[in-house]
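A.B. asks: mmCIF, C-alpha atoms, file coords17.cif:
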```
data_my_file
loop_
_atom_site.label_atom_id
_atom_site.label_comp_id
_atom_site.auth_asym_id
_atom_site.auth_seq_id
_atom_site.Cartn_x
_atom_site.Cartn_y
_atom_site.Cartn_z
CA MET A 1 -30.20 0.00 24.03
CA THR A 2 -30.41 1.28 20.53
CA VAL A 3 -28.50 4.36 19.63
CA LYS A 4 -29.58 5.75 16.32
CA GLY A 5 -27.19 4.83 13.56
CA MET A 6 -25.13 2.52 15.74
CA GLU A 7 -26.22 -0.63 13.94
CA LYS A 8 -23.98 0.19 11.03
CA ASP A 9 -20.97 0.47 13.35
CA LEU A 10 -21.35 -3.12 14.51
CA PRO A 11 -19.78 -5.58 14.57
CA LEU A 12 -16.48 -3.95 15.49
CA THR A 13 -13.38 -5.32 13.86
CA GLU A 14 -11.11 -7.17 16.23
CA ALA A 15 -8.54 -4.38 16.06
CA ILE A 16 -11.09 -1.65 16.89
CA PHE A 17 -12.56 -3.79 19.69
CA TYR A 18 -9.21 -4.22 21.39
CA ILE A 19 -8.07 -0.64 20.82
CA LEU A 20 -11.22 0.68 22.51
CA LEU A 21 -10.72 -1.78 25.34
CA ALA A 22 -7.09 -0.73 25.81
CA LEU A 23 -8.25 2.89 25.98
CA ARG A 24 -10.61 2.36 28.94
CA HIS A 25 -7.73 4.11 30.71
CA PRO A 26 -5.37 6.70 29.21
CA ASN A 27 -2.86 4.96 26.98
CA HIS A 28 -0.40 5.83 24.22
CA GLY A 29 0.20 4.07 20.91
CA TYR A 30 2.91 1.70 21.98
CA GLY A 31 1.04 0.99 25.23
CA ILE A 32 -2.02 -0.05 23.22
CA ILE A 33 0.03 -2.52 21.17
CA GLN A 34 1.59 -4.04 24.29
CA GLU A 35 -1.68 -4.27 26.19
CA VAL A 36 -3.52 -5.89 23.29
CA GLU A 37 -0.66 -8.32 22.79
CA SER A 38 -0.71 -9.41 26.42
CA MET A 39 -4.54 -9.58 26.59
CA THR A 40 -4.52 -11.98 23.64
CA SER A 41 -1.43 -13.90 24.83
CA GLY A 42 0.54 -12.68 21.84
CA ARG A 43 -2.06 -13.67 19.24
CA LEU A 44 -2.88 -10.13 18.14
CA VAL A 45 0.01 -7.77 17.47
CA LEU A 46 -1.24 -4.56 15.88
CA GLY A 47 0.87 -3.15 13.06
CA ALA A 48 1.88 0.51 13.28
CA GLY A 49 -0.06 1.43 10.13
CA THR A 50 -3.18 -0.42 11.24
CA LEU A 51 -3.08 1.30 14.64
CA TYR A 52 -2.41 4.76 13.21
CA GLY A 53 -5.31 4.44 10.76
CA ALA A 54 -7.63 3.13 13.48
CA ILE A 55 -6.76 5.95 15.89
CA GLN A 56 -7.39 8.58 13.20
CA ASN A 57 -10.68 6.93 12.38
CA LEU A 58 -11.80 6.60 16.02
CA GLU A 59 -10.89 10.22 16.72
CA LYS A 60 -12.95 11.34 13.74
CA LYS A 61 -15.91 9.32 15.02
CA LYS A 62 -15.32 10.84 18.48
CA TRP A 63 -15.15 7.40 20.11
CA ILE A 64 -11.77 8.32 21.55
CA GLN A 65 -10.06 11.62 22.27
CA VAL A 66 -6.62 12.94 23.10
CA TYR A 67 -6.14 12.79 26.83
CA ASP A 68 -4.54 15.67 28.70
CA ALA A 69 -3.30 17.51 25.62
CA GLU A 70 -1.44 20.22 27.54
CA ALA A 71 0.76 17.71 29.31
CA GLY A 72 1.41 15.98 26.04
CA SER A 73 3.77 18.59 24.65
CA ARG A 74 6.81 16.65 25.72
CA GLY A 75 5.64 13.14 26.42
CA LYS A 76 3.89 10.62 24.22
CA LYS A 77 0.39 11.45 23.06
CA GLN A 78 -2.22 9.63 25.12
CA TYR A 79 -5.76 8.74 24.19
CA LEU A 80 -8.89 7.85 26.17
CA ILE A 81 -12.24 6.35 25.23
CA THR A 82 -15.19 8.82 25.18
CA ASP A 83 -18.76 8.31 26.40
CA SER A 84 -20.00 7.54 22.90
CA GLY A 85 -17.08 5.14 22.50
CA ARG A 86 -18.25 3.36 25.64
CA GLU A 87 -21.81 3.20 24.29
CA VAL A 88 -20.65 1.54 21.10
CA PHE A 89 -18.46 -0.85 23.05
CA GLU A 90 -21.37 -1.77 25.33
CA ALA A 91 -23.60 -2.44 22.31
CA GLU A 92 -20.87 -4.69 20.92
CA ARG A 93 -20.49 -6.46 24.27
CA LEU A 94 -24.24 -7.21 24.33
CA ARG A 95 -24.08 -8.49 20.76
CA LEU A 96 -21.15 -10.73 21.64
CA SER A 97 -22.79 -12.13 24.77
CA GLU A 98 -25.87 -13.03 22.76
CA LEU A 99 -23.54 -14.78 20.34
CA LEU A 100 -21.86 -16.71 23.15
CA LYS A 101 -25.17 -17.64 24.77
CA ASN A 102 -26.51 -18.98 21.50
CA ALA A 103 -23.23 -20.78 20.86
CA GLU A 104 -24.10 -23.07 23.77
CA LEU A 105 -26.92 -24.53 21.64
CA ILE A 106 -24.34 -26.47 19.68
CA LYS A 107 -24.05 -28.84 22.64
CA GLU A 108 -27.70 -29.90 22.28
CA LYS A 109 -28.36 -32.96 20.21
CA MET B 1 26.75 3.06 -2.51
CA VAL B 2 24.12 4.32 -4.93
CA LYS B 3 21.85 2.08 -6.96
CA PHE B 4 19.38 3.04 -9.63
CA ARG B 5 16.09 1.17 -9.82
CA LEU B 6 12.62 1.94 -11.05
CA TYR B 7 10.07 0.20 -8.87
CA TYR B 8 6.36 0.55 -9.32
CA ASP B 9 5.49 -2.41 -7.09
CA LYS B 10 6.05 -1.45 -3.48
CA ASP B 11 5.95 -5.08 -2.31
CA LYS B 12 8.90 -5.97 -4.53
CA GLU B 13 10.69 -2.78 -3.55
CA THR B 14 10.30 -3.62 0.14
CA GLU B 15 11.64 -7.10 -0.49
CA TRP B 16 14.68 -5.67 -2.29
CA LEU B 17 15.44 -3.15 0.48
CA ASN B 18 15.23 -5.86 3.14
CA GLN B 19 17.43 -8.15 1.09
CA LEU B 20 20.07 -5.43 0.82
CA SER B 21 19.84 -4.81 4.56
CA ASP B 22 20.50 -8.53 5.04
CA GLU B 23 23.61 -8.09 2.89
CA GLY B 24 24.77 -5.16 5.01
CA TYR B 25 23.48 -2.13 3.10
CA ALA B 26 20.91 0.17 4.67
CA MET B 27 18.96 2.52 2.42
CA LYS B 28 19.17 6.05 3.75
CA ASN B 29 18.03 8.28 0.92
CA PHE B 30 16.03 8.26 -2.29
CA PHE B 31 15.81 10.62 -5.21
CA ALA B 32 14.13 9.92 -8.56
CA GLY B 33 15.06 6.25 -8.72
CA PHE B 34 18.47 6.66 -7.08
CA TYR B 35 18.74 4.73 -3.82
CA GLU B 36 21.56 5.70 -1.51
CA PHE B 37 22.88 3.05 0.85
CA GLU B 38 25.24 3.07 3.78
CA PRO B 39 26.94 0.09 5.37
CA CYS B 40 25.07 -1.51 8.28
CA GLU B 41 25.29 -4.71 10.23
CA LYS B 42 23.83 -7.59 8.27
CA GLY B 43 20.06 -7.62 8.78
CA GLU B 44 20.13 -4.60 11.05
CA TRP B 45 17.00 -2.96 9.60
CA ARG B 46 13.57 -3.99 8.39
CA TYR B 47 12.04 -1.71 5.76
CA GLN B 48 8.40 -1.00 4.95
CA ILE B 49 6.71 1.30 2.48
CA ASP B 50 3.46 3.13 3.16
CA ILE B 51 1.30 5.67 1.40
CA GLY B 52 1.19 8.79 3.51
CA GLN B 53 -1.43 11.49 3.54
CA GLY B 54 0.92 14.19 2.27
CA PHE B 55 2.89 14.50 -0.92
CA GLY B 56 6.67 14.43 -0.63
CA ARG B 57 6.37 14.71 3.14
CA VAL B 58 4.50 13.21 6.08
CA ASN B 59 2.47 15.16 8.59
CA SER B 60 3.89 15.63 12.06
CA SER B 61 1.33 13.45 13.83
CA TYR B 62 2.23 10.50 11.58
CA LYS B 63 5.95 11.09 12.07
CA GLU B 64 5.62 11.38 15.86
CA PHE B 65 3.47 8.28 15.99
CA MET B 66 5.94 6.23 13.97
CA ASN B 67 8.90 7.50 16.00
CA GLU B 68 7.08 6.42 19.17
CA MET B 69 6.86 2.94 17.66
CA GLY B 70 10.60 2.92 17.10
CA VAL B 71 10.09 3.51 13.38
CA GLU B 72 12.28 5.94 11.47
CA ILE B 73 11.01 7.72 8.35
CA VAL B 74 13.80 7.33 5.80
CA ALA B 75 12.45 9.00 2.67
CA CYS B 76 9.30 10.55 1.25
CA TRP B 77 8.77 10.56 -2.48
CA GLY B 78 5.43 11.63 -3.90
CA PRO B 79 2.81 9.83 -1.84
CA TRP B 80 5.25 7.05 -0.89
CA VAL B 81 6.92 6.87 2.51
CA THR B 82 9.84 4.54 3.13
CA MET B 83 10.56 3.71 6.75
CA ARG B 84 12.59 1.30 8.79
CA LYS B 85 12.81 -0.26 12.22
CA LYS B 86 15.68 -2.04 13.94
CA THR B 87 15.31 -5.77 13.57
CA ALA B 88 16.29 -6.11 17.22
CA ASP B 89 13.21 -4.06 18.23
CA GLY B 90 10.85 -6.77 17.01
CA GLU B 91 8.61 -7.54 14.05
CA PHE B 92 7.87 -4.76 11.63
CA GLU B 93 4.57 -5.08 9.83
CA LEU B 94 2.50 -2.01 9.01
CA TYR B 95 -0.87 -3.56 8.30
CA THR B 96 -1.85 -6.57 10.33
CA ASP B 97 -5.53 -7.04 9.68
CA VAL B 98 -7.44 -7.63 6.48
CA ASP B 99 -9.47 -4.42 6.72
CA SER B 100 -6.45 -2.14 6.91
CA GLN B 101 -4.65 -4.16 4.23
CA ILE B 102 -7.63 -3.66 1.92
CA GLY B 103 -7.53 0.04 2.80
CA GLN B 104 -3.88 0.31 1.80
CA TYR B 105 -4.28 -1.53 -1.50
CA LYS B 106 -7.33 0.61 -2.33
CA LYS B 107 -5.15 3.70 -1.96
CA ILE B 108 -2.56 2.11 -4.24
CA SER B 109 -5.27 1.24 -6.76
CA LEU B 110 -6.44 4.87 -6.77
CA LEU B 111 -2.87 6.07 -7.34
CA PHE B 112 -2.47 3.82 -10.38
CA LYS B 113 -5.82 4.98 -11.73
CA ILE B 114 -4.78 8.62 -11.47
CA ALA B 115 -1.41 7.85 -13.07
CA LEU B 116 -3.15 6.00 -15.90
CA ILE B 117 -5.43 8.95 -16.64
CA VAL B 118 -2.43 11.30 -16.76
CA GLU B 119 -0.60 8.87 -19.07
CA LEU B 120 -3.60 8.55 -21.36
CA LEU B 121 -3.83 12.34 -21.67
CA GLY B 122 -0.10 12.45 -22.45
CA PHE B 123 -0.54 9.69 -25.01
CA ILE B 124 -3.33 11.52 -26.81
CA TYR B 125 -1.35 14.76 -26.78
CA GLU B 126 1.76 13.10 -28.24
CA LEU B 127 -0.31 11.38 -30.94
CA TYR B 128 -1.67 14.77 -31.90
CA ILE B 129 1.86 16.20 -32.02
CA GLY B 130 2.85 13.14 -34.03
CA PHE B 131 0.88 14.37 -37.02
CA GLN B 132 3.29 17.30 -37.30
CA TYR B 133 6.54 15.82 -35.97
CA PRO B 134 7.33 12.08 -36.07
CA ALA B 135 8.98 12.36 -32.63
CA GLY B 136 5.47 12.76 -31.24
CA PHE B 137 4.66 9.21 -32.34
CA ALA B 138 7.85 7.97 -30.70
CA PHE B 139 6.91 9.55 -27.39
CA ALA B 140 3.35 8.28 -27.75
CA MET B 141 4.77 4.74 -28.13
CA MET B 142 6.93 5.23 -25.05
CA ILE B 143 3.95 6.41 -23.03
CA ALA B 144 1.96 3.45 -24.38
CA ALA B 145 4.60 1.14 -22.90
CA PHE B 146 4.16 2.79 -19.49
CA ILE B 147 0.39 2.60 -19.82
CA VAL B 148 0.63 -1.19 -20.23
CA VAL B 149 2.96 -1.52 -17.24
CA PHE B 150 0.70 0.59 -15.02
CA ALA B 151 -2.43 -1.19 -16.26
CA ASN B 152 -0.77 -4.44 -15.18
CA MET B 153 -0.09 -3.01 -11.73
CA LEU B 154 -3.70 -1.89 -11.45
CA ILE B 155 -4.89 -5.37 -12.42
CA ARG B 156 -2.53 -6.93 -9.89
CA THR B 157 -3.59 -4.54 -7.11
CA ASP B 158 -7.28 -5.10 -7.75
CA ARG B 159 -6.71 -8.86 -7.70
CA ILE B 160 -5.02 -8.57 -4.29
CA ILE B 161 -8.01 -6.54 -3.03
CA ALA B 162 -10.42 -9.18 -4.33
CA GLU B 163 -8.42 -11.95 -2.61
CA LEU B 164 -8.37 -10.03 0.69
CA LYS B 165 -12.12 -9.43 0.51
CA GLU B 166 -12.67 -13.11 -0.16
CA ARG B 167 -10.59 -13.98 2.89
CA LYS B 168 -12.83 -11.67 4.92
CA GLY B 169 -15.78 -13.80 3.84
CA GLU B 170 -17.22 -11.32 1.38
CA THR B 171 -18.53 -12.83 -1.80
CA VAL B 172 -16.63 -11.27 -4.65
CA LYS B 173 -16.90 -11.91 -8.33
CA ARG B 174 -14.01 -14.06 -9.43
CA TYR B 175 -11.64 -11.39 -10.56
CA ASN B 176 -10.51 -12.50 -13.97
CA GLY B 177 -8.17 -9.68 -14.86
CA ARG B 178 -5.21 -11.17 -16.63
CA GLN B 179 -1.82 -9.59 -16.82
CA ILE B 180 -0.78 -8.08 -20.11
CA SER B 181 2.40 -9.68 -21.44
CA PRO B 182 5.55 -7.51 -21.03
CA LEU B 183 6.34 -8.28 -24.68
CA ILE B 184 3.83 -5.60 -25.68
CA PRO B 185 5.51 -2.63 -23.93
CA ALA B 186 8.89 -3.99 -25.13
CA GLY B 187 7.56 -3.82 -28.70
CA PHE B 188 6.35 -0.25 -28.13
CA LEU B 189 9.78 0.76 -26.84
CA VAL B 190 11.66 -0.78 -29.80
CA ASN B 191 9.27 0.98 -32.15
CA SER B 192 9.79 4.22 -30.27
CA ILE B 193 13.59 3.98 -30.55
CA ALA B 194 13.33 3.23 -34.27
CA LEU B 195 11.18 6.33 -34.76
CA LEU B 196 13.38 8.60 -32.65
CA GLY B 197 16.54 7.47 -34.43
CA MET B 198 15.04 8.08 -37.84
CA ASP B 199 17.89 10.34 -38.96
CA HIS B 200 20.71 8.35 -37.40
CA ILE B 201 19.88 4.69 -37.85
CA PRO B 202 20.30 3.21 -41.36
CA THR B 203 17.00 2.42 -43.05
CA ALA B 204 17.74 -1.30 -43.24
CA ILE B 205 18.30 -1.55 -39.48
CA ARG B 206 15.22 0.55 -38.81
CA GLY B 207 13.23 -1.83 -40.97
CA VAL B 208 14.47 -4.77 -38.91
CA MET B 209 13.65 -2.89 -35.67
CA LEU B 210 10.13 -2.20 -36.86
CA LEU B 211 9.69 -5.87 -37.76
CA ILE B 212 10.96 -6.88 -34.31
CA ALA B 213 8.60 -4.35 -32.70
CA VAL B 214 5.60 -5.65 -34.61
CA ALA B 215 6.60 -9.27 -33.86
CA LEU B 216 6.94 -8.45 -30.13
CA ILE B 217 3.56 -6.75 -30.02
CA ILE B 218 1.82 -9.59 -31.87
CA ALA B 219 3.55 -12.22 -29.71
CA GLY B 220 2.57 -10.23 -26.61
CA ALA B 221 -1.05 -10.05 -27.74
CA VAL B 222 -1.11 -13.81 -28.36
CA VAL B 223 0.51 -14.61 -25.01
CA THR B 224 -1.95 -12.29 -23.23
CA ALA B 225 -4.91 -13.87 -25.01
CA ILE B 226 -3.99 -17.49 -24.27
CA ARG B 227 -2.74 -16.83 -20.74
CA ARG B 228 -4.86 -18.89 -18.41
CA LYS B 229 -6.99 -17.27 -15.82
CA ARG B 230 -5.70 -18.10 -12.39
#
```
Starting from the file, lay out its structure as structure tokens.
C.D. replies:
Amino acid sequence: MTVKGMEKDLPLTEAIFYILLALRHPNHGYGIIQEVESMTSGRLVLGAGTLYGAIQNLEKKKWIQVYDAEAGSRGKKQYLITDSGREVFEAERLRLSELLKNAELIKEK
Amino acid sequence: MVKFRLYYDKDKETEWLNQLSDEGYAMKNFFAGFYEFEPCEKGEWRYQIDIGQGFGRVNSSYKEFMNEMGVEIVACWGPWVTMRKKTADGEFELYTDVDSQIGQYKKISLLFKIALIVELLGFIYELYIGFQYPAGFAFAMMIAAFIVVFANMLIRTDRIIAELKERKGETVKRYNGRQISPLIPAGFLVNSIALLGMDHIPTAIRGVMLLIAVALIIAGAVVTAIRRKR
């Protein structure tokens, strides 16, 4: 799959990769940090500034969107990945699996 | 408790605020260099400083987001935002990956560039005034001192950016900006005071001050020139 112009979006940074992944279901800022931390066994703890900047950026690119805005008046603002966000993520997944497959070659003598 | 400080390096300012929190003083307000503190438990707060998108305020989405993270906005001054989080609520780092750190220092670099342009314009204006009134020269010298200090900050910021890019694996030119010795702005300031006090300071003392100023500037130039590249 080649989406026009997507090549320049890849590879994703680790932060963007995990934020998109954590937004496969509706999630709020603090939830993203916790989920990423547990997925990486505590290795990756996103800073508030890093996450805020990334969310702004992803919203601008329309890879994520605010989820259920009308219910969000009181509660915490939730976000969800969009279809184009999923396309980019899938392209990244394919790139990474090629990487992993080729990494096996190191075992050959 | 109120303390007066002029910080132009936000990393050092953050360090100072955290140190005071460790001693039991929490910053709660800021105005034009005056920091207001209130007693707190030792080490109760961790402080961080960010560059917001507004000027003298932060937009509501930023504020809401930070509050959700357990972060309290303490003060906004110009583009700078000071905030804090309870130490008990866990680590407080704003930028945790190289890309966003580069982004933040690029914003800081831009700020210093804008400030430098404004200072240069002021400097030229005061020089021009100086041909009619000697006080103009004095103010020009004062501005020159600030120009050197800000130029140093710009050099430092750009070096940090280069180091971060290198860590990311980008090939960067070895950044060989060297810091300008603080003796130079000190010389400018002494000169400035001597000029401003023209009518009040005895000529002999003014002569000595001018000698000291020239000596400081020359010494500063020599130190800057022989300073080794890191």
A.B. asks: Give the answer as one residue: which of A:Leu23, A:Val36, A:Leu51, A:Leu10 has the shortest atom-to-atom distance to chain B, using only C-alpha atoms?
C.D. replies: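 Comparing A:Leu23, A:Val36, A:Leu51, A:Leu10 against chain B, the winner is A:Leu51.
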A.B. asks: List the residues selected by the PyMOL selection byres ((chain A) within 9 of (chain B)) in the file shown, writing them as a ChimeraX atom specification.
C.D. replies: /A:13-15,29-30,44-54,76-77
A.B. asks: Which one of A:Asn27, A:Glu37, A:Leu58, A:Leu12 sits closest to A:Arg95 if you count all atoms listed in the file?
C.D. replies: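 Nearest candidate to A:Arg95 out of A:Asn27, A:Glu37, A:Leu58, A:Leu12: A:Leu12.
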A.B. asks: Skipping near chain neighbours, those fewer than 2 positions away, what residues fall within 12 Å of A:Glu59 using only C-alpha atoms, listed as a PDB file with C-alpha atoms, in the coordinates of the input?
C.D. replies:
```pdb
ATOM      1  CA  ILE A  16     -11.090  -1.650  16.890  1.00  0.00           C
ATOM      2  CA  ILE A  19      -8.070  -0.640  20.820  1.00  0.00           C
ATOM      3  CA  LEU A  20     -11.220   0.680  22.510  1.00  0.00           C
ATOM      4  CA  TYR A  52      -2.410   4.760  13.210  1.00  0.00           C
ATOM      5  CA  GLY A  53      -5.310   4.440  10.760  1.00  0.00           C
ATOM      6  CA  ALA A  54      -7.630   3.130  13.480  1.00  0.00           C
ATOM      7  CA  ILE A  55      -6.760   5.950  15.890  1.00  0.00           C
ATOM      8  CA  GLN A  56      -7.390   8.580  13.200  1.00  0.00           C
ATOM      9  CA  ASN A  57     -10.680   6.930  12.380  1.00  0.00           C
ATOM     10  CA  LYS A  61     -15.910   9.320  15.020  1.00  0.00           C
ATOM     11  CA  LYS A  62     -15.320  10.840  18.480  1.00  0.00           C
ATOM     12  CA  TRP A  63     -15.150   7.400  20.110  1.00  0.00           C
ATOM     13  CA  ILE A  64     -11.770   8.320  21.550  1.00  0.00           C
ATOM     14  CA  GLN A  65     -10.060  11.620  22.270  1.00  0.00           C
ATOM     15  CA  VAL A  66      -6.620  12.940  23.100  1.00  0.00           C
ATOM     16  CA  TYR A  67      -6.140  12.790  26.830  1.00  0.00           C
ATOM     17  CA  TYR A  79      -5.760   8.740  24.190  1.00  0.00           C
ATOM     18  CA  LEU A  80      -8.890   7.850  26.170  1.00  0.00           C
ATOM     19  CA  ILE A  81     -12.240   6.350  25.230  1.00  0.00           C
ATOM     20  CA  THR A  82     -15.190   8.820  25.180  1.00  0.00           C
ATOM     21  CA  SER A  84     -20.000   7.540  22.900  1.00  0.00           C
ATOM     22  CA  GLY A  85     -17.080   5.140  22.500  1.00  0.00           C
TER      23      GLY A  85
END
```
A.B. asks: Report as a PyMOL selection string the residues that result from applying the PyMOL selection byres ((chain B and resi 47) around 8) to the structure here.
C.D. replies: chain B and resi 14+17-18+45-46+48-49+82-85+92
A.B. asks: Let me make sure I understand: among B:Pro134, B:Gly56, B:Gly207, B:Pro182, which one has the smallest atom-to-atom distance to B:Met153 if we use only C-alpha atoms?
C.D. replies: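 Nearest to B:Met153: B:Pro182.
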A.B. asks: Restricting the calculation to only C-alpha atoms, which member of B:Phe137, B:Tyr35, B:Tyr25, B:Tyr105 is positioned closest to B:Glu13?
C.D. replies: B:Tyr35
A.B. asks: Assuming the chain letters and numbering stay as they are in my file, what does the PyMOL selection byres ((chain B and resi 186) around 8) actually select? List them as a list in words.
C.D. replies: Ala145, Pro182, Leu183, Ile184, Pro185, Gly187, Phe188, Leu189, Val190, Ala213, Leu216 and Ile217 of chain B
A.B. asks: With 8 Å of padding per side, what axis-aligned box (centre and edge lengths, Å, one decimal) covers all the listed atoms of stretch 78-95 of chain A? Give it as AutoDock Vina command-line options.
C.D. replies:
```
--center_x -13.2 --center_y 0.6 --center_z 23.6 --size_x 38.0 --size_y 34.1 --size_z 21.6
```
A.B. asks: Between atom CA of B:Arg156 and atom CA of B:Ala221, what distance in Å does the model show, to one decimal?
C.D. replies: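 Result for atom CA of B:Arg156 versus atom CA of B:Ala221: 18.2 Å, one decimal.
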A.B. asks: In Å, how far is it from atom CA of A:Asp83 to atom CA of A:Pro11?
C.D. replies: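 Atom CA of A:Pro11 lies at a distance of 18.3 Å from atom CA of A:Asp83.
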A.B. asks: Mind giving me the straight-line distance from atom CA of A:Arg93 to atom CA of A:Gly31 in Å, one decimal?
C.D. replies: 22.8 Å
A.B. asks: Could you list, as a list in words, every residue within 10 Å of stretch 113-121 of chain B, counting only C-alpha atoms and ignoring same-chain residues fewer than 6 positions away?
C.D. replies: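 These residues fall inside the cut-off: Lys107, Leu127, Ala140, Ile143, Ala144, Phe146, Ile147, Val148, Val149, Phe150, Ala151, Met153 and Leu154 of chain B.
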